[in-house]
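Novice: For reference, the file upload_6.cif (mmCIF, C-alpha atoms and all ligand atoms) is included below:
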data_upload
loop_
_atom_site.group_PDB
_atom_site.id
_atom_site.type_symbol
_atom_site.label_atom_id
_atom_site.label_comp_id
_atom_site.auth_asym_id
_atom_site.auth_seq_id
_atom_site.Cartn_x
_atom_site.Cartn_y
_atom_site.Cartn_z
ATOM 1 C CA MET A 1 82.950 121.283 121.133
ATOM 2 C CA SER A 2 80.022 120.808 123.458
ATOM 3 C CA LYS A 3 76.809 119.876 121.738
ATOM 4 C CA SER A 4 74.355 121.010 124.327
ATOM 5 C CA ILE A 5 71.196 122.800 123.299
ATOM 6 C CA LYS A 6 70.529 126.170 124.793
ATOM 7 C CA VAL A 7 67.248 128.009 124.442
ATOM 8 C CA GLU A 8 67.193 131.707 125.264
ATOM 9 C CA LYS A 9 64.069 133.837 125.665
ATOM 10 C CA LEU A 10 62.219 131.781 123.088
ATOM 11 C CA VAL A 11 58.772 132.952 122.051
ATOM 12 C CA PHE A 12 56.792 131.061 119.438
ATOM 13 C CA SER A 13 53.317 131.948 118.169
ATOM 14 C CA TYR A 14 50.987 130.338 115.678
ATOM 15 C CA ASN A 15 49.277 133.299 113.988
ATOM 16 C CA LYS A 16 48.764 135.635 116.936
ATOM 17 C CA ASN A 17 48.515 132.869 119.537
ATOM 18 C CA LYS A 18 51.502 132.709 121.818
ATOM 19 C CA ILE A 19 52.248 128.990 122.192
ATOM 20 C CA LEU A 20 55.671 129.148 123.871
ATOM 21 C CA ASP A 21 56.308 132.045 126.199
ATOM 22 C CA ASN A 22 59.822 132.996 127.215
ATOM 23 C CA ILE A 23 61.488 129.591 127.396
ATOM 24 C CA ASN A 24 65.018 129.600 128.833
ATOM 25 C CA LEU A 25 66.789 126.322 129.339
ATOM 26 C CA GLU A 26 69.747 124.160 128.580
ATOM 27 C CA PHE A 27 69.668 120.525 127.551
ATOM 28 C CA ILE A 28 73.133 119.380 128.539
ATOM 29 C CA GLU A 29 74.738 116.809 126.278
ATOM 30 C CA GLY A 30 74.798 113.199 127.412
ATOM 31 C CA ASN A 31 71.494 113.354 129.283
ATOM 32 C CA ILE A 32 68.157 111.692 128.734
ATOM 33 C CA ILE A 33 65.720 114.564 129.016
ATOM 34 C CA THR A 34 61.955 114.206 128.921
ATOM 35 C CA ILE A 35 59.457 116.950 128.292
ATOM 36 C CA ILE A 36 56.160 116.437 130.072
ATOM 37 C CA GLY A 37 53.028 118.558 130.387
ATOM 38 C CA PRO A 38 49.303 118.385 129.638
ATOM 39 C CA ASN A 39 47.944 118.162 126.100
ATOM 40 C CA GLY A 40 48.496 121.414 124.284
ATOM 41 C CA SER A 41 51.172 122.655 126.688
ATOM 42 C CA GLY A 42 53.650 123.097 123.838
ATOM 43 C CA LYS A 43 55.809 119.960 123.962
ATOM 44 C CA SER A 44 55.670 119.268 120.224
ATOM 45 C CA THR A 45 56.067 122.944 119.385
ATOM 46 C CA LEU A 46 59.206 123.151 121.531
ATOM 47 C CA LEU A 47 60.685 120.041 119.911
ATOM 48 C CA LYS A 48 59.991 121.496 116.458
ATOM 49 C CA ASN A 49 61.741 124.725 117.414
ATOM 50 C CA ILE A 50 64.759 122.703 118.528
ATOM 51 C CA ALA A 51 64.673 120.596 115.362
ATOM 52 C CA SER A 52 64.515 123.788 113.282
ATOM 53 C CA THR A 53 61.223 122.692 111.705
ATOM 54 C CA LEU A 54 59.738 125.859 113.197
ATOM 55 C CA THR A 55 61.485 129.186 113.695
ATOM 56 C CA PRO A 56 60.829 131.206 116.851
ATOM 57 C CA GLN A 57 59.591 134.781 116.471
ATOM 58 C CA GLU A 58 61.775 135.852 119.371
ATOM 59 C CA GLY A 59 64.778 134.423 121.153
ATOM 60 C CA THR A 60 67.498 132.039 120.081
ATOM 61 C CA VAL A 61 68.258 128.343 120.010
ATOM 62 C CA PHE A 62 71.924 127.385 120.156
ATOM 63 C CA LEU A 63 73.450 124.045 119.287
ATOM 64 C CA GLY A 64 76.868 124.135 120.876
ATOM 65 C CA ASN A 65 78.142 127.688 120.492
ATOM 66 C CA LYS A 66 76.422 128.286 117.191
ATOM 67 C CA GLU A 67 72.915 129.512 116.516
ATOM 68 C CA LEU A 68 70.685 126.801 115.136
ATOM 69 C CA LYS A 69 69.627 128.936 112.181
ATOM 70 C CA LYS A 70 73.248 129.224 111.052
ATOM 71 C CA TYR A 71 73.501 125.491 110.380
ATOM 72 C CA SER A 72 72.802 124.220 106.881
ATOM 73 C CA LEU A 73 70.146 121.514 106.656
ATOM 74 C CA LYS A 74 72.722 118.816 105.990
ATOM 75 C CA GLU A 75 74.978 120.027 108.761
ATOM 76 C CA LEU A 76 72.071 119.999 111.187
ATOM 77 C CA ALA A 77 70.961 116.533 110.116
ATOM 78 C CA ARG A 78 74.401 115.219 111.062
ATOM 79 C CA GLN A 79 73.885 116.580 114.565
ATOM 80 C CA ILE A 80 70.188 116.074 115.291
ATOM 81 C CA GLY A 81 68.023 113.075 114.376
ATOM 82 C CA VAL A 82 64.282 113.592 114.610
ATOM 83 C CA VAL A 83 61.531 111.045 115.227
ATOM 84 C CA PRO A 84 58.263 112.918 114.645
ATOM 85 C CA GLN A 85 54.996 111.992 116.298
ATOM 86 C CA ASN A 86 53.291 110.830 113.144
ATOM 87 C CA THR A 87 55.308 109.523 110.322
ATOM 88 C CA ASN A 88 53.140 109.360 107.264
ATOM 89 C CA ILE A 89 55.049 107.887 104.406
ATOM 90 C CA GLU A 90 52.973 107.979 101.280
ATOM 91 C CA TYR A 91 55.100 106.011 98.893
ATOM 92 C CA ASP A 92 55.898 102.343 98.815
ATOM 93 C CA PHE A 93 59.289 102.485 100.431
ATOM 94 C CA THR A 94 60.792 99.470 102.101
ATOM 95 C CA ALA A 95 62.050 99.767 105.653
ATOM 96 C CA TYR A 96 65.573 99.572 104.206
ATOM 97 C CA ASP A 97 64.932 102.519 101.835
ATOM 98 C CA ILE A 98 63.668 104.591 104.733
ATOM 99 C CA VAL A 99 66.722 103.917 106.882
ATOM 100 C CA LEU A 100 69.068 104.557 103.946
ATOM 101 C CA MET A 101 67.500 108.037 103.640
ATOM 102 C CA GLY A 102 69.111 108.754 106.999
ATOM 103 C CA ARG A 103 72.459 108.721 105.150
ATOM 104 C CA ASN A 104 71.455 111.622 102.856
ATOM 105 C CA PRO A 105 73.270 114.212 104.978
ATOM 106 C CA TYR A 106 76.518 112.398 104.187
ATOM 107 C CA ILE A 107 75.994 111.658 100.499
ATOM 108 C CA LYS A 108 77.115 114.313 98.048
ATOM 109 C CA ARG A 109 74.886 115.383 95.193
ATOM 110 C CA PHE A 110 74.882 113.008 92.236
ATOM 111 C CA GLN A 111 76.640 110.356 94.268
ATOM 112 C CA ILE A 112 75.321 107.044 95.412
ATOM 113 C CA GLU A 113 75.750 105.537 98.833
ATOM 114 C CA SER A 114 79.155 104.104 99.717
ATOM 115 C CA GLU A 115 79.980 100.817 101.353
ATOM 116 C CA ALA A 116 80.370 102.679 104.631
ATOM 117 C CA ASP A 117 76.817 104.030 104.283
ATOM 118 C CA ILE A 118 75.507 100.550 103.626
ATOM 119 C CA SER A 119 77.298 99.098 106.611
ATOM 120 C CA ILE A 120 75.968 101.839 108.903
ATOM 121 C CA VAL A 121 72.423 101.121 107.715
ATOM 122 C CA GLU A 122 72.895 97.442 108.520
ATOM 123 C CA GLU A 123 74.366 98.260 111.928
ATOM 124 C CA VAL A 124 71.537 100.591 112.997
ATOM 125 C CA MET A 125 68.866 98.220 111.670
ATOM 126 C CA LYS A 126 70.351 95.376 113.682
ATOM 127 C CA LYS A 127 70.567 97.574 116.747
ATOM 128 C CA THR A 128 66.910 98.596 116.465
ATOM 129 C CA ASN A 129 65.847 95.042 115.705
ATOM 130 C CA THR A 130 64.547 95.995 112.245
ATOM 131 C CA TRP A 131 66.962 94.102 110.009
ATOM 132 C CA ASP A 132 64.434 91.309 109.548
ATOM 133 C CA LEU A 133 61.952 93.903 108.298
ATOM 134 C CA LYS A 134 64.258 95.377 105.690
ATOM 135 C CA ASP A 135 62.324 94.240 102.614
ATOM 136 C CA ARG A 136 58.896 94.984 104.060
ATOM 137 C CA ASN A 137 56.852 97.924 102.865
ATOM 138 C CA ILE A 138 56.831 100.604 105.550
ATOM 139 C CA ASN A 139 53.051 100.962 105.317
ATOM 140 C CA GLU A 140 52.559 97.314 106.190
ATOM 141 C CA LEU A 141 54.402 97.493 109.500
ATOM 142 C CA SER A 142 52.802 97.643 112.926
ATOM 143 C CA GLY A 143 53.072 100.826 114.995
ATOM 144 C CA GLY A 144 55.993 99.515 117.036
ATOM 145 C CA GLU A 145 57.859 98.197 113.995
ATOM 146 C CA CYS A 146 57.393 101.455 112.110
ATOM 147 C CA GLN A 147 58.564 103.444 115.128
ATOM 148 C CA ARG A 148 61.744 101.355 115.316
ATOM 149 C CA VAL A 149 62.404 101.902 111.599
ATOM 150 C CA VAL A 150 62.030 105.665 111.992
ATOM 151 C CA ILE A 151 64.399 105.538 114.965
ATOM 152 C CA ALA A 152 66.834 103.545 112.818
ATOM 153 C CA ARG A 153 66.627 106.251 110.142
ATOM 154 C CA ALA A 154 67.452 108.894 112.752
ATOM 155 C CA LEU A 155 70.404 106.788 113.974
ATOM 156 C CA ALA A 156 71.693 106.348 110.425
ATOM 157 C CA GLN A 157 72.289 110.107 110.514
ATOM 158 C CA GLU A 158 74.846 109.367 113.270
ATOM 159 C CA PRO A 159 73.445 112.243 115.297
ATOM 160 C CA LYS A 160 74.764 113.596 118.579
ATOM 161 C CA ILE A 161 71.210 114.325 119.656
ATOM 162 C CA ILE A 162 67.966 112.490 119.006
ATOM 163 C CA LEU A 163 64.577 114.183 119.421
ATOM 164 C CA LEU A 164 61.464 112.041 119.755
ATOM 165 C CA ASP A 165 57.874 113.211 119.999
ATOM 166 C CA GLU A 166 55.823 110.785 122.077
ATOM 167 C CA PRO A 167 57.484 107.747 120.522
ATOM 168 C CA THR A 168 55.620 105.305 122.752
ATOM 169 C CA ALA A 169 52.146 106.863 122.730
ATOM 170 C CA ALA A 170 50.563 104.268 120.443
ATOM 171 C CA LEU A 171 52.460 101.265 121.749
ATOM 172 C CA ASP A 172 51.614 98.522 124.211
ATOM 173 C CA MET A 173 53.766 98.185 127.325
ATOM 174 C CA HIS A 174 56.101 95.607 125.815
ATOM 175 C CA HIS A 175 56.903 97.900 122.912
ATOM 176 C CA GLN A 176 57.039 101.005 125.110
ATOM 177 C CA ILE A 177 59.731 99.455 127.245
ATOM 178 C CA GLU A 178 61.529 98.145 124.170
ATOM 179 C CA ILE A 179 61.839 101.638 122.681
ATOM 180 C CA LEU A 180 62.822 103.310 125.951
ATOM 181 C CA ASP A 181 65.382 100.622 126.777
ATOM 182 C CA LEU A 182 66.852 101.056 123.307
ATOM 183 C CA LEU A 183 67.180 104.810 123.855
ATOM 184 C CA LYS A 184 68.853 104.145 127.187
ATOM 185 C CA VAL A 185 71.397 101.843 125.542
ATOM 186 C CA LEU A 186 72.132 104.383 122.796
ATOM 187 C CA ASN A 187 72.605 107.062 125.405
ATOM 188 C CA LYS A 188 74.970 104.886 127.377
ATOM 189 C CA GLN A 189 76.960 103.320 124.543
ATOM 190 C CA LYS A 190 77.160 106.235 122.121
ATOM 191 C CA ASN A 191 76.597 109.119 124.497
ATOM 192 C CA ILE A 192 73.703 110.316 122.342
ATOM 193 C CA THR A 193 71.665 113.024 124.031
ATOM 194 C CA VAL A 194 68.050 111.905 124.068
ATOM 195 C CA ILE A 195 65.223 114.450 124.246
ATOM 196 C CA ILE A 196 61.743 112.948 124.370
ATOM 197 C CA ALA A 197 58.273 114.412 124.729
ATOM 198 C CA LEU A 198 56.423 111.866 126.849
ATOM 199 C CA HIS A 199 52.857 111.599 127.933
ATOM 200 C CA ASP A 200 53.477 109.133 130.678
ATOM 201 C CA ILE A 201 54.946 110.750 133.792
ATOM 202 C CA ASN A 202 55.851 107.401 135.338
ATOM 203 C CA LEU A 203 57.936 106.432 132.332
ATOM 204 C CA ALA A 204 59.514 109.893 132.301
ATOM 205 C CA ALA A 205 60.482 109.525 135.970
ATOM 206 C CA ARG A 206 61.919 106.100 135.327
ATOM 207 C CA TYR A 207 63.917 106.727 132.172
ATOM 208 C CA SER A 208 65.206 110.277 132.317
ATOM 209 C CA ASN A 209 67.771 112.095 134.371
ATOM 210 C CA LYS A 210 66.296 115.527 133.600
ATOM 211 C CA ILE A 211 62.660 116.478 133.217
ATOM 212 C CA LEU A 212 61.106 119.647 131.843
ATOM 213 C CA LEU A 213 57.522 120.326 132.897
ATOM 214 C CA LEU A 214 55.581 122.628 130.584
ATOM 215 C CA ASN A 215 52.200 124.151 131.275
ATOM 216 C CA LYS A 216 50.342 126.422 128.843
ATOM 217 C CA GLY A 217 53.507 127.265 126.954
ATOM 218 C CA LYS A 218 55.524 128.177 130.015
ATOM 219 C CA GLN A 219 58.226 126.167 131.717
ATOM 220 C CA VAL A 220 57.104 125.279 135.236
ATOM 221 C CA ILE A 221 60.385 123.700 136.252
ATOM 222 C CA MET A 222 63.299 121.789 134.820
ATOM 223 C CA GLY A 223 65.536 119.560 136.899
ATOM 224 C CA ASN A 224 66.120 116.108 138.312
ATOM 225 C CA PRO A 225 63.055 113.850 138.578
ATOM 226 C CA GLU A 226 62.935 114.340 142.378
ATOM 227 C CA ASN A 227 62.658 118.108 141.956
ATOM 228 C CA VAL A 228 60.101 118.053 139.159
ATOM 229 C CA ILE A 229 57.845 115.120 140.046
ATOM 230 C CA THR A 230 56.257 116.660 143.112
ATOM 231 C CA LYS A 231 52.604 116.967 143.993
ATOM 232 C CA LYS A 232 52.843 120.748 143.963
ATOM 233 C CA ASN A 233 54.322 121.005 140.453
ATOM 234 C CA LEU A 234 52.100 118.369 138.915
ATOM 235 C CA GLN A 235 48.878 119.652 140.461
ATOM 236 C CA LEU A 236 49.615 123.082 139.089
ATOM 237 C CA ALA A 237 49.849 121.694 135.561
ATOM 238 C CA TYR A 238 47.433 118.762 135.560
ATOM 239 C CA LYS A 239 44.754 120.025 138.013
ATOM 240 C CA ILE A 240 44.275 116.668 139.637
ATOM 241 C CA ASN A 241 44.470 115.125 143.092
ATOM 242 C CA MET A 242 47.245 112.596 143.139
ATOM 243 C CA ILE A 243 49.663 110.586 145.166
ATOM 244 C CA VAL A 244 53.343 110.889 144.370
ATOM 245 C CA ASP A 245 55.339 108.024 145.740
ATOM 246 C CA LYS A 246 58.466 106.025 145.154
ATOM 247 C CA ASN A 247 57.838 102.778 143.327
ATOM 248 C CA LYS A 248 59.419 100.086 145.477
ATOM 249 C CA TYR A 249 60.261 97.883 142.484
ATOM 250 C CA THR A 250 61.788 100.382 140.078
ATOM 251 C CA ASN A 251 62.889 102.811 142.772
ATOM 252 C CA SER A 252 61.694 105.708 140.636
ATOM 253 C CA LEU A 253 58.932 108.184 141.404
ATOM 254 C CA GLN A 254 55.419 107.376 140.345
ATOM 255 C CA VAL A 255 52.146 109.222 140.210
ATOM 256 C CA ILE A 256 48.768 107.765 141.036
ATOM 257 C CA PRO A 257 46.012 110.062 139.755
ATOM 258 C CA LEU A 258 42.961 110.284 142.023
ATOM 259 C CA SER A 259 40.262 112.772 141.085
ATOM 260 C CA ASN A 260 40.197 116.006 139.130
ATOM 261 C CA LEU A 261 40.539 119.172 141.171
ATOM 262 C CA LYS A 262 37.495 121.404 141.226
ATOM 263 C CA ILE A 263 38.574 124.732 139.779
HETATM 264 P P1 LIG B 301 51.565 119.284 123.059
HETATM 265 O O1 LIG B 301 52.534 118.622 122.167
HETATM 266 O O2 LIG B 301 52.106 119.609 124.418
HETATM 267 O O3 LIG B 301 50.263 118.545 123.169
HETATM 268 P P2 LIG B 301 51.511 121.278 120.969
HETATM 269 O O4 LIG B 301 52.858 121.867 120.929
HETATM 270 O O5 LIG B 301 51.149 120.302 119.920
HETATM 271 O O6 LIG B 301 51.214 120.713 122.437
HETATM 272 O O7 LIG B 301 50.441 122.439 120.886
HETATM 273 C C1 LIG B 301 50.497 123.604 121.678
HETATM 274 C C2 LIG B 301 49.401 124.546 121.240
HETATM 275 O O8 LIG B 301 49.636 124.960 119.906
HETATM 276 C C3 LIG B 301 48.009 123.918 121.259
HETATM 277 O O9 LIG B 301 47.117 124.882 121.776
HETATM 278 C C4 LIG B 301 47.721 123.664 119.801
HETATM 279 O O10 LIG B 301 46.353 123.765 119.536
HETATM 280 C C5 LIG B 301 48.500 124.749 119.097
HETATM 281 N N1 LIG B 301 48.949 124.325 117.760
HETATM 282 C C6 LIG B 301 49.700 123.242 117.482
HETATM 283 N N2 LIG B 301 49.954 123.153 116.155
HETATM 284 C C7 LIG B 301 49.325 124.211 115.578
HETATM 285 C C8 LIG B 301 49.215 124.687 114.220
HETATM 286 N N3 LIG B 301 49.813 124.048 113.200
HETATM 287 N N4 LIG B 301 48.492 125.809 114.012
HETATM 288 C C9 LIG B 301 47.908 126.475 115.027
HETATM 289 N N5 LIG B 301 47.982 126.082 116.331
HETATM 290 C C10 LIG B 301 48.674 124.966 116.608
HETATM 291 MG MG MG B 302 52.489 116.834 121.119
#
Translate this file's structure into structure tokens.

Specialist:
Amino acid sequence: MSKSIKVEKLVFSYNKNKILDNINLEFIEGNIITIIGPNGSGKSTLLKNIASTLTPQEGTVFLGNKELKKYSLKELARQIGVVPQNTNIEYDFTAYDIVLMGRNPYIKRFQIESEADISIVEEVMKKTNTWDLKDRNINELSGGECQRVVIARALAQEPKIILLDEPTAALDMHHQIEILDLLKVLNKQKNITVIIALHDINLAARYSNKILLLNKGKQVIMGNPENVITKKNLQLAYKINMIVDKNKYTNSLQVIPLSNLKI
């Protein structure tokens, strides 16, 4: 069965404030999709509606042919892995403990983890380059290390889809590229659908094959980078003079911001 995500006529409000207004889209499986848009445009809120952390007041989210709300929590966790924007872990868990938690959707009540669970944890920690950190306390890790551990936890769920909310926002360029390259490899090798909210339009243009541009809770456009990363679309959302050009080294589109538009 296809594991695409389909969003139909979604409306989400906090209190009486409409935050997402009539969103209709499909995230086709196998793609790397980025969600861009100014601060407060609703990127995180949309991801939370897709992760089932929030429930829309109107409209429907489908995963495959089935409504998201009809999945049990465990069932959903086997399909969708989530990497939230801020992971605050209050207790003294080791990196290994955190990644092992990703196996919970597969472990029956009152059972302990099996050898298969343990070998999957080792595999995803090696893949995310976190195996050396396994005995370290999660709260002692750097931003990039912690981010990789949380990605490893999501991968331990063996999901079809991984959702990430600005996973590179706090990272330097070395670690930004490390995370995005890793997601690219996972997409290619395991056909995991990757959906990422990203601040950085240039990285979005470079790493994704579909981009959704949000502005004030509405979808401006969704499509291939060439159709979305245009001066017209971006000026509408970001209210800035800019140059949109092809980067001659990466061959992807890039944006050079100039000055804010007077409005
Ligand atoms: P983005 O991720 O694009 O920056 P968000 O989805 O976080 O945007 O926020 C969209 C809007 O929803 C913003 O106006 C924000 O202030 C509001 N918002 C976000 N979280 C809450 C909340 N828990 N309660 C009330 N309003 C919220
Ligand atoms: Mg956000």

Novice: Just the residues within 10 Å of A:His175, please, counting all atoms listed in the file, with nothing from its chain fewer than 2 positions along; format it as a PyMOL selection string.

Specialist: chain A and resi 143-145+147-148+168+170-173+177-181

Novice: Could you list, as JSON, numbers by chain, every residue matched by the PyMOL selection byres (((chain A and resi 115-129) around 7) and not hetatm) in this structure?

Specialist: {"A": [99, 100, 103, 113, 114, 130, 131, 148, 152, 155, 156]}

Novice: Can you tell me how far atom CA of A:Gln79 sits from atom CA of A:Val7, in Å to one decimal?

Specialist: 16.5 Å

Novice: Leaving out A:Leu234 and any residue of its chain fewer than 6 positions from it, which residues lie within 12 Å of it when counting only C-alpha atoms, given as a list in words?

Specialist: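 Contacts, in chain order: Ile36, Gly37, Pro38, Ile201, Leu212, Leu213, Leu214, Asn215, Val220, Ile221, Pro225, Asn227, Val228, Ile240, Asn241, Met242, Ile243, Val244, Gln254, Val255, Ile256, Pro257 and Leu261 of chain A.
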
Novice: Where does the PyMOL selection byres (((chain A and resi 138) around 9) and not hetatm) land in this file, that is, which residues does it pick, as a ChimeraX atom specification?

Specialist: /A:89,91-96,98,133,135-137,139-142,145-146,149

Novice: Compare A:Gly217, A:Gly30, A:Gly223, A:Gly64 by their minimum atom-to-atom distance to ligand MG 302 (chain B), counting all atoms listed in the file, and give me the closest one.

Specialist: A:Gly217

Novice: What does the PyMOL selection byres (((not hetatm)) within 9 of (chain B and resi 301)) select in this file, as number ranges by chain?

Specialist: A: 13-15, 17-20, 35-48, 165-166, 197, 199, 214-217

Novice: Atom CA of A:Thr193 and atom CA of A:Thr34, how far apart in Å?

Specialist: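 So the two atoms, atom CA of A:Thr34 and atom CA of A:Thr193, lie 10.9 Å apart.
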